[in-house]
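Asker: Just passing along the structure, written as structure tokens.
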Amino acid sequence: MKKWRSRVTTDGLDRAPHRAFMRAMGLDDAALAKPMIGVVSMKGEQTPCNMTHDFQVEAAKAGIAEAGGTPREFTTISVSDGISMNHEGMKFSLFSRELIADSIEAVVHGMAYDALIGFGGCDKTLPGVMMGMIRCNVPSIFIYGGSALPGSFEGRTLTVLDSYEAVGGFMTGEIDQVTLEAIERTCLPTIGACAGQFTANTMAMVSEAMGLTMPNVSMIPGVYAERAQATRQAGRLVMQMLERGGPLPRQIVTRKSLENGAAIVAATGGSTNAALHLPALANEAGIKFTIDDVGEVFACTPLIGNLRPGGKYTAKDVYDVGGAAVVIRALIESGHIDGTCLTISGKTIAEEYGSANAPDGEVIFHVGKPIMPDGGVAVLKGNLCPEGAVIKVAGLKNLVFEGTARVFEDEEGCVEAVRNRDYAAGDVLVIRNEGPVGGPGMREMLGVTALIYGQGMGEKVALITDGRFSGATRGMCIGYVSPESFVGGPLALVRDGDRIRIDARARRMDVLVHEQDLVERQRAWKPRPPRHRAGALAKYARLVGQAPGGAVTHAGAAEWPWFD
């Protein structure tokens with residue numbers, strides 16, 4: 001019998017107590033003799049995004065059992081970005097990514113499981129699970145739980161973003177209370193993750209472009225029975241991977257595959273959060289791949305996905321025209337994705353996706369006739385963000401903005417001003433002290449950006465922050481400003497009335513203040529006291545790094561004995 005990792009818990013005289021615990025769970029001699037395969041998900045009631053996991057987990061377990069393994073189900077945490085938005089709870093969203101990866105490491109190594117299937121749903125759960133897979137480096141398959149179906153109201157296709165923006169529309173009198181309530185009730189008609197090309201669907205496509213998941217599964221809607229077929233197949237495949245010894249996650253995650261992940265983000269106008277998550281995945285593999293590297297790929301990849309929020313269509317529409325495979329094949333043929341990279345099947349990306357549908361020209365454009373020639377997301381540099389900042393340019397009418405700074409020391413101050421409509425066209429709203437250390441936790445700010453857009457001010461003002469934006473954010477919004485203000489970054493030096501120029505075309509953002517004045521402000525700057533002195537966020541603030549490296553909390557490429 002092959003020496004599986006799990007034998008350290010089942011074999012030998014002194015493992016009688018271990019076996020007793022397993023027998024108490026209903027395992028018999030035959031089950032104890034098989035490889036132990038972890039199946040992790042976020043089944044629970046925190047968010048609709050993860051409520052599709054239940055039937056898919058059962059299918060994956062059935063596939064494992066059919067192929068000769070013993071499935072061992074466990075769960076990890078999830079913080080709903082939607083429900084934690086625009087209040088203190090959002091500080092736990094990015095932090096939850098680290099908790100998920102840590103918890104998977106703890107269980108896989110603590111229980112000595114031989115392989116892993118990991119499910120993700122809500123935004124941070126996807127990178128969190130993939131980080132855990134790469135860290136443990138056992139044969140692993142990632143599965144996205146799938147998106148919700150889009151809603152419909154008065155002939156319009158809706159996503160949850162419409163509900164956020166409708167609040168702003170109600171404030172300005174553009175829509176009435178009845179319409180606002182109707183949008184609230186119809187925008188999210190099923191369980192599943194947000195239907196637009198927000199963070200969940202973006203990172204789901206990244207998992208495909210990087211070869212970490214089942215081919216062309218990511219865009220299947222979360223409520224479709226077809227998902228059970230795919231996850232059952234995944235259960236069988238992970239057993240084949242275990243038998244042949246791979247490919248392992250760190251064989252799949254290479255610099256080229258990370259560039260492939262960045263390319264599909266740019267090509268689909270995906271979430272700016274990917275610029276944070278790709279370096280974090282790289283860190284787990286021991287690869288230095290920063291926001292600068294992501295930006296280089298963004299700058300040379302055409303935008304071909306006509307997807308919300310910058311475009312018109314949803315994940316369901318991508319599924320209907322052939323899935324993420326359509327985008328991947330097009331980018332392989334144009335040279336924007338390296339088709340030689342390995343996938344979980346042992347085949348290359350080109351072999352897995354070579355027979356996909358051609359772009360339909362409406363949901364997915366042809367590379368030769370792109371929506372934009374240089375990607376839907378851009379990394380900016382300048383004296384306000386010497387280590388980088390990120391903007392989603394997909395859907396923007398103007399790529400240049402110059403205005404007057406209105407400075408807020410936290411998100412709440414800006415939200416209050418926007419709610420009261422205490423701002424004007426030409427303002428640059430600056431929200432600082434919301435970075436990974438200063439927040440702590442780098443809050444997403446869809447609440448305030450959607451209010452601005454709903455009030456009809458989407459491109460009449462700009463918003464800059466060292467916090468994050470949701471994948472659903474649109475408008476002249478620049479986040480992830482680094483270094484963050486809390487550690488003395490240039491954003492801490494901005495004052496009310498300063499002129500700020502944003503040129504997304506030139507990929508620059510600068511405060512138009514004389515250099516000597518900035519030097520004097522830097523000398524006068526004093527750090528603020530931490531907002532949390534105890535608890536999980538205090539621990540996180542002491543460990544977390546800056547955005548360009550992925551806001552990670554440990555040095556990558558963790559090692560663990562293999563029990564050979």
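Letters A, B, ... go to the chains of the structure tokens in the order shown; residues in each chain start at 1; ligands are counted from 1 in the same order.
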Could you list, as a PyMOL selection string, every residue within 8 Å of Gly168 in chain A, counting only C-alpha atoms and ignoring same-chain residues fewer than 5 positions away?

Answerer: chain A and resi 450-455

Asker: Write the selection just made, keeping all heavy atoms, as an mmCIF file, in the first residue's frame?

Answerer:
data_model
loop_
_atom_site.group_PDB
_atom_site.id
_atom_site.type_symbol
_atom_site.label_atom_id
_atom_site.label_comp_id
_atom_site.auth_asym_id
_atom_site.auth_seq_id
_atom_site.Cartn_x
_atom_site.Cartn_y
_atom_site.Cartn_z
ATOM 1 N N ALA A 450 -20.919 53.951 -4.580
ATOM 2 C CA ALA A 450 -22.229 53.747 -5.212
ATOM 3 C C ALA A 450 -23.172 54.905 -4.925
ATOM 4 O O ALA A 450 -23.978 55.294 -5.787
ATOM 5 C CB ALA A 450 -22.841 52.430 -4.733
ATOM 6 N N LEU A 451 -23.084 55.481 -3.721
ATOM 7 C CA LEU A 451 -23.895 56.664 -3.423
ATOM 8 C C LEU A 451 -23.543 57.807 -4.368
ATOM 9 O O LEU A 451 -24.422 58.490 -4.905
ATOM 10 C CB LEU A 451 -23.662 57.118 -1.978
ATOM 11 C CG LEU A 451 -24.388 56.369 -0.868
ATOM 12 C CD1 LEU A 451 -23.998 56.957 0.481
ATOM 13 C CD2 LEU A 451 -25.902 56.442 -1.057
ATOM 14 N N ILE A 452 -22.244 58.013 -4.567
ATOM 15 C CA ILE A 452 -21.791 59.084 -5.467
ATOM 16 C C ILE A 452 -22.339 58.849 -6.864
ATOM 17 O O ILE A 452 -22.870 59.771 -7.514
ATOM 18 C CB ILE A 452 -20.248 59.145 -5.482
ATOM 19 C CG1 ILE A 452 -19.725 59.662 -4.137
ATOM 20 C CG2 ILE A 452 -19.749 60.024 -6.622
ATOM 21 C CD1 ILE A 452 -18.236 59.487 -3.956
ATOM 22 N N TYR A 453 -22.232 57.608 -7.337
ATOM 23 C CA TYR A 453 -22.714 57.297 -8.690
ATOM 24 C C TYR A 453 -24.225 57.438 -8.770
ATOM 25 O O TYR A 453 -24.764 57.996 -9.736
ATOM 26 C CB TYR A 453 -22.274 55.880 -9.084
ATOM 27 C CG TYR A 453 -21.915 55.773 -10.542
ATOM 28 C CD1 TYR A 453 -20.591 55.864 -10.956
ATOM 29 C CD2 TYR A 453 -22.890 55.597 -11.518
ATOM 30 C CE1 TYR A 453 -20.244 55.783 -12.293
ATOM 31 C CE2 TYR A 453 -22.560 55.519 -12.853
ATOM 32 C CZ TYR A 453 -21.243 55.609 -13.239
ATOM 33 O OH TYR A 453 -20.913 55.540 -14.563
ATOM 34 N N GLY A 454 -24.909 56.957 -7.740
ATOM 35 C CA GLY A 454 -26.365 57.052 -7.728
ATOM 36 C C GLY A 454 -26.857 58.480 -7.669
ATOM 37 O O GLY A 454 -27.955 58.794 -8.145
ATOM 38 N N GLN A 455 -26.051 59.384 -7.099
ATOM 39 C CA GLN A 455 -26.415 60.802 -7.041
ATOM 40 C C GLN A 455 -26.071 61.534 -8.339
ATOM 41 O O GLN A 455 -26.209 62.753 -8.426
ATOM 42 C CB GLN A 455 -25.691 61.472 -5.862
ATOM 43 C CG GLN A 455 -26.212 61.019 -4.505
ATOM 44 C CD GLN A 455 -25.435 61.620 -3.353
ATOM 45 O OE1 GLN A 455 -24.479 62.359 -3.545
ATOM 46 N NE2 GLN A 455 -25.852 61.297 -2.131
#

Asker: Can you pull out the residues contacting Ala193 in chain A? Cut-off 12 Å, using only C-alpha atoms, and skip same-chain residues under 4 positions away; I want them as a VMD selection string.

Answerer: chain A and resid 47 to 53 80 to 82 120 to 126 144 to 150 159 to 160 188 to 189 197 to 204 218 to 223 314 to 316

Asker: Let's have the selection written as a short mmCIF file (atom, residue, chain, number, x, y, z; two decimals), in the first residue's frame, with N, CA and C atoms.

Answerer:
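Written output follows (result.cif):
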data_model
loop_
_atom_site.label_atom_id
_atom_site.label_comp_id
_atom_site.auth_asym_id
_atom_site.auth_seq_id
_atom_site.Cartn_x
_atom_site.Cartn_y
_atom_site.Cartn_z
N THR A 47 -23.93 34.55 4.08
CA THR A 47 -24.05 35.21 2.78
C THR A 47 -24.65 34.26 1.77
N PRO A 48 -25.44 34.76 0.81
CA PRO A 48 -25.97 33.87 -0.24
C PRO A 48 -24.87 33.30 -1.13
N CYS A 49 -23.70 33.95 -1.14
CA CYS A 49 -22.62 33.54 -2.03
C CYS A 49 -22.19 32.10 -1.79
N ASN A 50 -22.23 31.66 -0.52
CA ASN A 50 -21.72 30.34 -0.17
C ASN A 50 -22.82 29.29 -0.01
N MET A 51 -24.06 29.68 -0.17
CA MET A 51 -25.15 28.74 0.07
C MET A 51 -25.36 27.77 -1.10
N THR A 52 -24.57 27.94 -2.15
CA THR A 52 -24.57 26.96 -3.24
C THR A 52 -23.61 25.80 -2.97
N HIS A 53 -22.85 25.88 -1.88
CA HIS A 53 -21.81 24.89 -1.64
C HIS A 53 -22.36 23.52 -1.26
N SER A 80 -19.27 38.23 4.82
CA SER A 80 -19.95 38.77 3.65
C SER A 80 -19.52 40.21 3.39
N ASP A 81 -18.92 40.45 2.23
CA ASP A 81 -18.56 41.81 1.88
C ASP A 81 -19.79 42.70 1.78
N GLY A 82 -20.90 42.13 1.30
CA GLY A 82 -22.11 42.93 1.13
C GLY A 82 -22.69 43.38 2.46
N GLY A 120 -14.92 28.09 -2.80
CA GLY A 120 -15.00 29.51 -2.47
C GLY A 120 -16.29 30.09 -2.99
N GLY A 121 -16.73 31.20 -2.41
CA GLY A 121 -17.97 31.83 -2.86
C GLY A 121 -17.89 33.33 -2.77
N CYS A 122 -17.99 33.89 -1.54
CA CYS A 122 -17.90 35.33 -1.36
C CYS A 122 -16.46 35.78 -1.58
N ASP A 123 -16.28 37.05 -1.86
CA ASP A 123 -15.04 37.61 -2.42
C ASP A 123 -13.74 37.05 -1.86
N LYS A 124 -13.48 37.22 -0.56
CA LYS A 124 -12.17 36.86 0.00
C LYS A 124 -12.01 35.37 0.16
N THR A 125 -13.10 34.63 0.06
CA THR A 125 -13.00 33.18 0.22
C THR A 125 -12.25 32.53 -0.94
N LEU A 126 -12.35 33.12 -2.12
CA LEU A 126 -11.67 32.52 -3.27
C LEU A 126 -10.15 32.60 -3.12
N TYR A 144 -15.15 27.20 -7.48
CA TYR A 144 -16.00 28.36 -7.19
C TYR A 144 -17.44 27.89 -7.10
N GLY A 145 -18.17 28.39 -6.09
CA GLY A 145 -19.56 27.95 -5.90
C GLY A 145 -20.53 28.47 -6.94
N GLY A 146 -20.13 29.48 -7.71
CA GLY A 146 -20.99 29.99 -8.78
C GLY A 146 -21.74 31.25 -8.40
N SER A 147 -22.11 32.01 -9.41
CA SER A 147 -22.79 33.29 -9.17
C SER A 147 -24.30 33.12 -9.14
N ALA A 148 -24.95 34.14 -8.58
CA ALA A 148 -26.41 34.21 -8.61
C ALA A 148 -26.88 34.55 -10.02
N LEU A 149 -28.12 34.23 -10.30
CA LEU A 149 -28.73 34.69 -11.54
C LEU A 149 -29.03 36.17 -11.41
N PRO A 150 -28.94 36.92 -12.50
CA PRO A 150 -29.28 38.35 -12.43
C PRO A 150 -30.77 38.55 -12.20
N THR A 159 -28.18 43.69 -11.00
CA THR A 159 -27.32 43.01 -10.03
C THR A 159 -27.45 43.77 -8.73
N VAL A 160 -26.80 43.29 -7.68
CA VAL A 160 -26.91 43.96 -6.39
C VAL A 160 -26.34 45.38 -6.45
N LEU A 188 -31.42 40.46 -6.56
CA LEU A 188 -30.66 39.26 -6.23
C LEU A 188 -31.64 38.11 -6.02
N PRO A 189 -32.13 37.51 -7.13
CA PRO A 189 -33.24 36.57 -7.03
C PRO A 189 -32.87 35.16 -6.57
N GLN A 197 -18.98 41.27 -12.96
CA GLN A 197 -17.55 40.93 -12.92
C GLN A 197 -16.91 41.67 -11.74
N PHE A 198 -17.44 41.32 -10.57
CA PHE A 198 -16.94 41.87 -9.33
C PHE A 198 -15.85 40.93 -8.82
N THR A 199 -15.48 41.00 -7.55
CA THR A 199 -14.31 40.23 -7.10
C THR A 199 -14.51 38.73 -7.21
N ALA A 200 -15.68 38.22 -6.85
CA ALA A 200 -15.88 36.77 -6.85
C ALA A 200 -15.72 36.20 -8.26
N ASN A 201 -16.45 36.75 -9.23
CA ASN A 201 -16.34 36.23 -10.59
C ASN A 201 -14.96 36.49 -11.19
N THR A 202 -14.35 37.62 -10.81
CA THR A 202 -13.00 37.90 -11.30
C THR A 202 -12.02 36.83 -10.82
N MET A 203 -12.02 36.54 -9.52
CA MET A 203 -11.08 35.55 -9.00
C MET A 203 -11.44 34.14 -9.45
N ALA A 204 -12.70 33.90 -9.74
CA ALA A 204 -13.08 32.59 -10.32
C ALA A 204 -12.44 32.42 -11.69
N SER A 218 -16.15 27.92 -14.00
CA SER A 218 -16.36 29.08 -13.15
C SER A 218 -17.63 29.86 -13.44
N MET A 219 -18.05 29.94 -14.70
CA MET A 219 -19.21 30.78 -15.04
C MET A 219 -20.54 30.03 -15.04
N ILE A 220 -20.53 28.74 -14.66
CA ILE A 220 -21.81 28.04 -14.51
C ILE A 220 -22.55 28.66 -13.33
N PRO A 221 -23.78 29.14 -13.51
CA PRO A 221 -24.50 29.75 -12.39
C PRO A 221 -24.58 28.82 -11.19
N GLY A 222 -24.54 29.40 -10.01
CA GLY A 222 -24.46 28.62 -8.79
C GLY A 222 -25.63 27.70 -8.54
N VAL A 223 -26.79 28.00 -9.10
CA VAL A 223 -27.98 27.17 -8.84
C VAL A 223 -28.18 26.09 -9.91
N THR A 314 -23.49 39.95 -17.57
CA THR A 314 -23.22 39.28 -16.30
C THR A 314 -22.57 37.92 -16.54
N ALA A 315 -22.25 37.24 -15.43
CA ALA A 315 -21.64 35.91 -15.52
C ALA A 315 -22.54 34.93 -16.26
N LYS A 316 -23.84 35.03 -16.06
CA LYS A 316 -24.79 34.15 -16.77
C LYS A 316 -24.65 34.33 -18.27
#

Asker: Please measure the separation of CA of Gly245 in chain A and CA of Glu226 in chain A, giving the value in Å to one decimal.

Answerer: 28.4 Å

Asker: Given only C-alpha atoms as the basis, pick out the residue of A:Ala555, A:Ile175, A:Arg244, A:Asp422 nearest to Leu543 in chain A.

Answerer: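 Of the candidates, the smallest distance to Leu543 in chain A is held by A:Ala555.
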
Asker: I'd like to know which residues of range 266-446 of chain A are alpha helix (DSSP H) (by DSSP, run on the backbone); could you write them as a PyMOL selection string?

Answerer: chain A and resi 266-267+274-284+291-299+315-320+324-334+349-353+411-419+446

Asker: Now that the selection is made, can you save its residues with N, CA and C atoms as a short mmCIF file (atom, residue, chain, number, x, y, z; two decimals), in the first residue's frame?

Answerer:
data_model
loop_
_atom_site.label_atom_id
_atom_site.label_comp_id
_atom_site.auth_asym_id
_atom_site.auth_seq_id
_atom_site.Cartn_x
_atom_site.Cartn_y
_atom_site.Cartn_z
N ALA A 266 -7.54 41.95 -16.55
CA ALA A 266 -7.54 43.12 -17.44
C ALA A 266 -8.50 42.94 -18.61
N ALA A 267 -8.52 41.74 -19.17
CA ALA A 267 -9.33 41.48 -20.36
C ALA A 267 -10.82 41.54 -20.09
N ALA A 274 -8.06 42.11 -7.44
CA ALA A 274 -7.14 41.10 -7.97
C ALA A 274 -5.69 41.57 -7.90
N ALA A 275 -5.47 42.88 -7.95
CA ALA A 275 -4.11 43.41 -7.84
C ALA A 275 -3.53 43.17 -6.45
N LEU A 276 -4.39 42.90 -5.48
CA LEU A 276 -3.97 42.56 -4.13
C LEU A 276 -3.85 41.04 -3.96
N HIS A 277 -4.77 40.31 -4.58
CA HIS A 277 -4.81 38.86 -4.37
C HIS A 277 -3.75 38.10 -5.17
N LEU A 278 -3.43 38.55 -6.37
CA LEU A 278 -2.41 37.85 -7.16
C LEU A 278 -1.04 37.87 -6.46
N PRO A 279 -0.57 39.01 -5.95
CA PRO A 279 0.67 38.97 -5.18
C PRO A 279 0.58 38.08 -3.94
N ALA A 280 -0.59 38.00 -3.33
CA ALA A 280 -0.75 37.13 -2.16
C ALA A 280 -0.63 35.66 -2.55
N LEU A 281 -1.21 35.27 -3.67
CA LEU A 281 -1.05 33.90 -4.17
C LEU A 281 0.41 33.62 -4.48
N ALA A 282 1.07 34.59 -5.10
CA ALA A 282 2.48 34.43 -5.44
C ALA A 282 3.32 34.23 -4.18
N ASN A 283 3.00 34.99 -3.14
CA ASN A 283 3.74 34.88 -1.88
C ASN A 283 3.70 33.46 -1.34
N GLU A 284 2.54 32.81 -1.43
CA GLU A 284 2.41 31.44 -0.92
C GLU A 284 3.31 30.47 -1.69
N ILE A 291 2.43 44.37 -7.16
CA ILE A 291 1.45 45.17 -7.89
C ILE A 291 2.07 45.76 -9.16
N ASP A 292 3.38 46.01 -9.16
CA ASP A 292 4.04 46.50 -10.38
C ASP A 292 3.99 45.45 -11.48
N ASP A 293 4.21 44.20 -11.12
CA ASP A 293 4.16 43.12 -12.11
C ASP A 293 2.74 42.96 -12.65
N VAL A 294 1.77 43.05 -11.76
CA VAL A 294 0.37 43.00 -12.19
C VAL A 294 0.08 44.15 -13.15
N GLY A 295 0.56 45.34 -12.80
CA GLY A 295 0.33 46.52 -13.64
C GLY A 295 0.92 46.40 -15.02
N GLU A 296 2.08 45.76 -15.14
CA GLU A 296 2.69 45.57 -16.46
C GLU A 296 1.80 44.73 -17.36
N VAL A 297 1.20 43.69 -16.78
CA VAL A 297 0.29 42.85 -17.57
C VAL A 297 -0.98 43.62 -17.92
N PHE A 298 -1.53 44.34 -16.94
CA PHE A 298 -2.72 45.15 -17.19
C PHE A 298 -2.50 46.11 -18.37
N ALA A 299 -1.30 46.70 -18.42
CA ALA A 299 -1.02 47.75 -19.41
C ALA A 299 -0.95 47.23 -20.83
N ALA A 315 -22.25 37.24 -15.43
CA ALA A 315 -21.64 35.91 -15.52
C ALA A 315 -22.54 34.93 -16.26
N LYS A 316 -23.84 35.03 -16.06
CA LYS A 316 -24.79 34.15 -16.77
C LYS A 316 -24.65 34.33 -18.27
N ASP A 317 -24.45 35.56 -18.74
CA ASP A 317 -24.28 35.80 -20.17
C ASP A 317 -22.98 35.20 -20.69
N VAL A 318 -21.91 35.28 -19.87
CA VAL A 318 -20.65 34.64 -20.27
C VAL A 318 -20.85 33.14 -20.40
N TYR A 319 -21.55 32.54 -19.44
CA TYR A 319 -21.87 31.11 -19.51
C TYR A 319 -22.62 30.78 -20.80
N ASP A 320 -23.58 31.61 -21.15
CA ASP A 320 -24.42 31.34 -22.33
C ASP A 320 -23.63 31.37 -23.64
N ALA A 324 -15.84 31.07 -19.43
CA ALA A 324 -14.53 31.72 -19.35
C ALA A 324 -13.58 31.19 -20.41
N ALA A 325 -13.85 29.98 -20.88
CA ALA A 325 -13.01 29.38 -21.92
C ALA A 325 -12.92 30.25 -23.16
N VAL A 326 -13.98 30.98 -23.46
CA VAL A 326 -13.99 31.86 -24.63
C VAL A 326 -12.90 32.94 -24.49
N VAL A 327 -12.83 33.52 -23.30
CA VAL A 327 -11.83 34.56 -23.04
C VAL A 327 -10.43 33.96 -23.07
N ILE A 328 -10.27 32.81 -22.41
CA ILE A 328 -8.95 32.20 -22.30
C ILE A 328 -8.42 31.79 -23.67
N ARG A 329 -9.27 31.15 -24.47
CA ARG A 329 -8.81 30.75 -25.80
C ARG A 329 -8.39 31.98 -26.62
N ALA A 330 -9.21 33.03 -26.57
CA ALA A 330 -8.89 34.24 -27.34
C ALA A 330 -7.55 34.84 -26.91
N LEU A 331 -7.29 34.82 -25.60
CA LEU A 331 -6.05 35.41 -25.09
C LEU A 331 -4.84 34.50 -25.36
N ILE A 332 -5.07 33.21 -25.42
CA ILE A 332 -3.98 32.30 -25.81
C ILE A 332 -3.59 32.57 -27.26
N GLU A 333 -4.59 32.67 -28.12
CA GLU A 333 -4.33 32.86 -29.55
C GLU A 333 -3.69 34.21 -29.84
N SER A 334 -3.98 35.21 -29.00
CA SER A 334 -3.39 36.54 -29.22
C SER A 334 -2.04 36.69 -28.52
N ILE A 349 -2.75 24.69 -20.45
CA ILE A 349 -3.89 25.58 -20.67
C ILE A 349 -4.35 25.50 -22.13
N ALA A 350 -3.40 25.49 -23.05
CA ALA A 350 -3.74 25.44 -24.48
C ALA A 350 -4.48 24.15 -24.82
N GLU A 351 -4.05 23.03 -24.23
CA GLU A 351 -4.72 21.76 -24.50
C GLU A 351 -6.13 21.74 -23.93
N GLU A 352 -6.33 22.33 -22.78
CA GLU A 352 -7.65 22.33 -22.14
C GLU A 352 -8.64 23.28 -22.82
N TYR A 353 -8.13 24.40 -23.36
CA TYR A 353 -9.03 25.44 -23.84
C TYR A 353 -8.98 25.67 -25.35
N GLU A 411 -13.51 56.60 6.56
CA GLU A 411 -14.61 56.42 5.61
C GLU A 411 -15.89 57.08 6.10
N GLU A 412 -16.16 56.99 7.41
CA GLU A 412 -17.42 57.52 7.93
C GLU A 412 -17.57 59.01 7.66
N GLY A 413 -16.47 59.77 7.78
CA GLY A 413 -16.53 61.20 7.52
C GLY A 413 -16.93 61.50 6.09
N CYS A 414 -16.41 60.74 5.16
CA CYS A 414 -16.75 60.96 3.75
C CYS A 414 -18.19 60.54 3.47
N VAL A 415 -18.60 59.42 4.04
CA VAL A 415 -19.98 58.94 3.83
C VAL A 415 -20.98 60.00 4.30
N GLU A 416 -20.70 60.59 5.46
CA GLU A 416 -21.61 61.62 5.98
C GLU A 416 -21.71 62.80 5.01
N ALA A 417 -20.57 63.23 4.48
CA ALA A 417 -20.57 64.35 3.54
C ALA A 417 -21.34 64.00 2.27
N VAL A 418 -21.17 62.78 1.78
CA VAL A 418 -21.87 62.37 0.56
C VAL A 418 -23.36 62.24 0.81
N ARG A 419 -23.74 61.65 1.94
CA ARG A 419 -25.17 61.53 2.27
C ARG A 419 -25.83 62.90 2.32
N LEU A 446 -17.57 50.32 -1.43
CA LEU A 446 -18.64 50.35 -2.43
C LEU A 446 -19.80 51.22 -1.96
#

Asker: At a cut-off of 6 Å, using only C-alpha atoms, what residues contact range 231-240 of chain A? Leave out same-chain residues fewer than 4 positions from it and give the result as a list in words.

Answerer: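 With the cut-off at 6 Å, the set is Gln56, Ala59, Ala60, Gly63, Ile64 and Ala67 of chain A.
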
Asker: Could you write those residues out with C-alpha atoms, as a short mmCIF file (atom, residue, chain, number, x, y, z; two decimals), in the first residue's frame?

Answerer:
data_model
loop_
_atom_site.label_atom_id
_atom_site.label_comp_id
_atom_site.auth_asym_id
_atom_site.auth_seq_id
_atom_site.Cartn_x
_atom_site.Cartn_y
_atom_site.Cartn_z
CA GLN A 56 -21.66 20.66 -4.66
CA ALA A 59 -21.17 15.68 -5.20
CA ALA A 60 -17.42 16.16 -4.66
CA GLY A 63 -16.69 11.51 -6.60
CA ILE A 64 -13.89 11.01 -4.07
CA ALA A 67 -12.49 6.86 -6.94
#

Asker: Which of these, A:Ala504, A:Ala166, A:Ala378, A:Met22, has the shortest distance to Ala182 in chain A once you count only C-alpha atoms?

Answerer: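 Among the listed residues, the smallest separation from Ala182 in chain A belongs to A:Ala166.
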
Asker: Have a look at CA of Ala262 in chain A and CA of Ile464 in chain A and let me know their distance in Å, one decimal.

Answerer: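 That distance, rounded to one decimal, is 22.7 Å.
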
Asker: Just the number, please: distance in Å from CA of Leu396 in chain A to CA of Asn420 in chain A, one decimal.

Answerer: 25.4 Å

Asker: If DSSP is run on the backbone, what residues of range 317-561 of chain A are strand (DSSP E or B)? A reply as a ChimeraX atom specification would be ideal.

Answerer: /A:342,348,364,372,377-381,388-392,400-408,427-431,444,462-465,468,476-482,499-503,508-511

Asker: Near Cys187 in chain A, counting only C-alpha atoms, which residues have an atom at most 8 Å away, once you skip same-chain residues fewer than 4 positions from it, shown as a list in words?

Answerer: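 Residues near the query, excluding close chain neighbours: Pro150, Gly151, Ser152, Phe153, Leu158, Thr159, Val160, Asp162, Ser163 and Ile183 of chain A.
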
Asker: Write the residues of the selection above to a file with all heavy atoms, as a compact mmCIF listing (two decimals), in the first residue's frame.

Answerer:
# COMPACT_ATOMS: atom_id res chain seq x y z
N PRO A 150 -28.94 36.92 -12.50
CA PRO A 150 -29.28 38.35 -12.43
C PRO A 150 -30.77 38.55 -12.20
O PRO A 150 -31.58 37.68 -12.51
CB PRO A 150 -28.85 38.87 -13.81
CG PRO A 150 -28.89 37.68 -14.70
CD PRO A 150 -28.52 36.51 -13.85
N GLY A 151 -31.11 39.71 -11.64
CA GLY A 151 -32.51 40.05 -11.43
C GLY A 151 -33.07 40.82 -12.61
O GLY A 151 -32.38 41.11 -13.59
N SER A 152 -34.34 41.17 -12.50
CA SER A 152 -35.00 41.92 -13.57
C SER A 152 -36.06 42.82 -12.97
O SER A 152 -36.80 42.43 -12.07
CB SER A 152 -35.64 40.96 -14.57
OG SER A 152 -36.29 41.67 -15.61
N PHE A 153 -36.12 44.05 -13.48
CA PHE A 153 -37.13 45.01 -13.02
C PHE A 153 -37.42 45.98 -14.15
O PHE A 153 -36.50 46.60 -14.70
CB PHE A 153 -36.65 45.77 -11.78
CG PHE A 153 -37.57 46.86 -11.34
CD1 PHE A 153 -38.82 46.56 -10.83
CD2 PHE A 153 -37.19 48.19 -11.43
CE1 PHE A 153 -39.68 47.57 -10.42
CE2 PHE A 153 -38.04 49.21 -11.02
CZ PHE A 153 -39.30 48.89 -10.51
N LEU A 158 -30.71 43.38 -13.57
CA LEU A 158 -30.17 43.96 -12.34
C LEU A 158 -29.12 43.06 -11.70
O LEU A 158 -29.16 41.84 -11.83
CB LEU A 158 -31.29 44.17 -11.31
CG LEU A 158 -32.47 45.07 -11.67
CD1 LEU A 158 -33.43 45.15 -10.48
CD2 LEU A 158 -31.99 46.47 -12.05
N THR A 159 -28.18 43.69 -11.00
CA THR A 159 -27.32 43.01 -10.03
C THR A 159 -27.45 43.77 -8.73
O THR A 159 -28.10 44.83 -8.67
CB THR A 159 -25.85 42.99 -10.47
OG1 THR A 159 -25.31 44.32 -10.37
CG2 THR A 159 -25.69 42.48 -11.90
N VAL A 160 -26.80 43.29 -7.68
CA VAL A 160 -26.91 43.96 -6.39
C VAL A 160 -26.34 45.38 -6.45
O VAL A 160 -26.74 46.25 -5.65
CB VAL A 160 -26.21 43.12 -5.29
CG1 VAL A 160 -24.69 43.18 -5.42
CG2 VAL A 160 -26.66 43.55 -3.90
N ASP A 162 -27.09 47.59 -8.49
CA ASP A 162 -28.21 48.50 -8.76
C ASP A 162 -28.89 48.93 -7.46
O ASP A 162 -29.39 50.05 -7.34
CB ASP A 162 -29.23 47.82 -9.68
CG ASP A 162 -28.66 47.61 -11.07
OD1 ASP A 162 -28.60 48.57 -11.85
OD2 ASP A 162 -28.23 46.47 -11.36
N SER A 163 -28.90 48.04 -6.47
CA SER A 163 -29.49 48.39 -5.18
C SER A 163 -28.65 49.44 -4.46
O SER A 163 -29.19 50.41 -3.91
CB SER A 163 -29.62 47.13 -4.32
OG SER A 163 -30.21 47.44 -3.07
N ILE A 183 -36.34 47.47 -6.50
CA ILE A 183 -34.98 47.07 -6.90
C ILE A 183 -34.34 46.21 -5.81
O ILE A 183 -33.71 45.19 -6.09
CB ILE A 183 -34.13 48.31 -7.21
CG1 ILE A 183 -34.64 49.00 -8.48
CG2 ILE A 183 -32.65 47.95 -7.35
CD1 ILE A 183 -33.99 50.34 -8.77

Asker: Please list as number ranges by chain every residue within 10 Å of Ala112 in chain A, counting only C-alpha atoms and excluding residues in the same chain fewer than 5 positions away.

Answerer: A: 4-9, 36-38, 106-107, 562-563
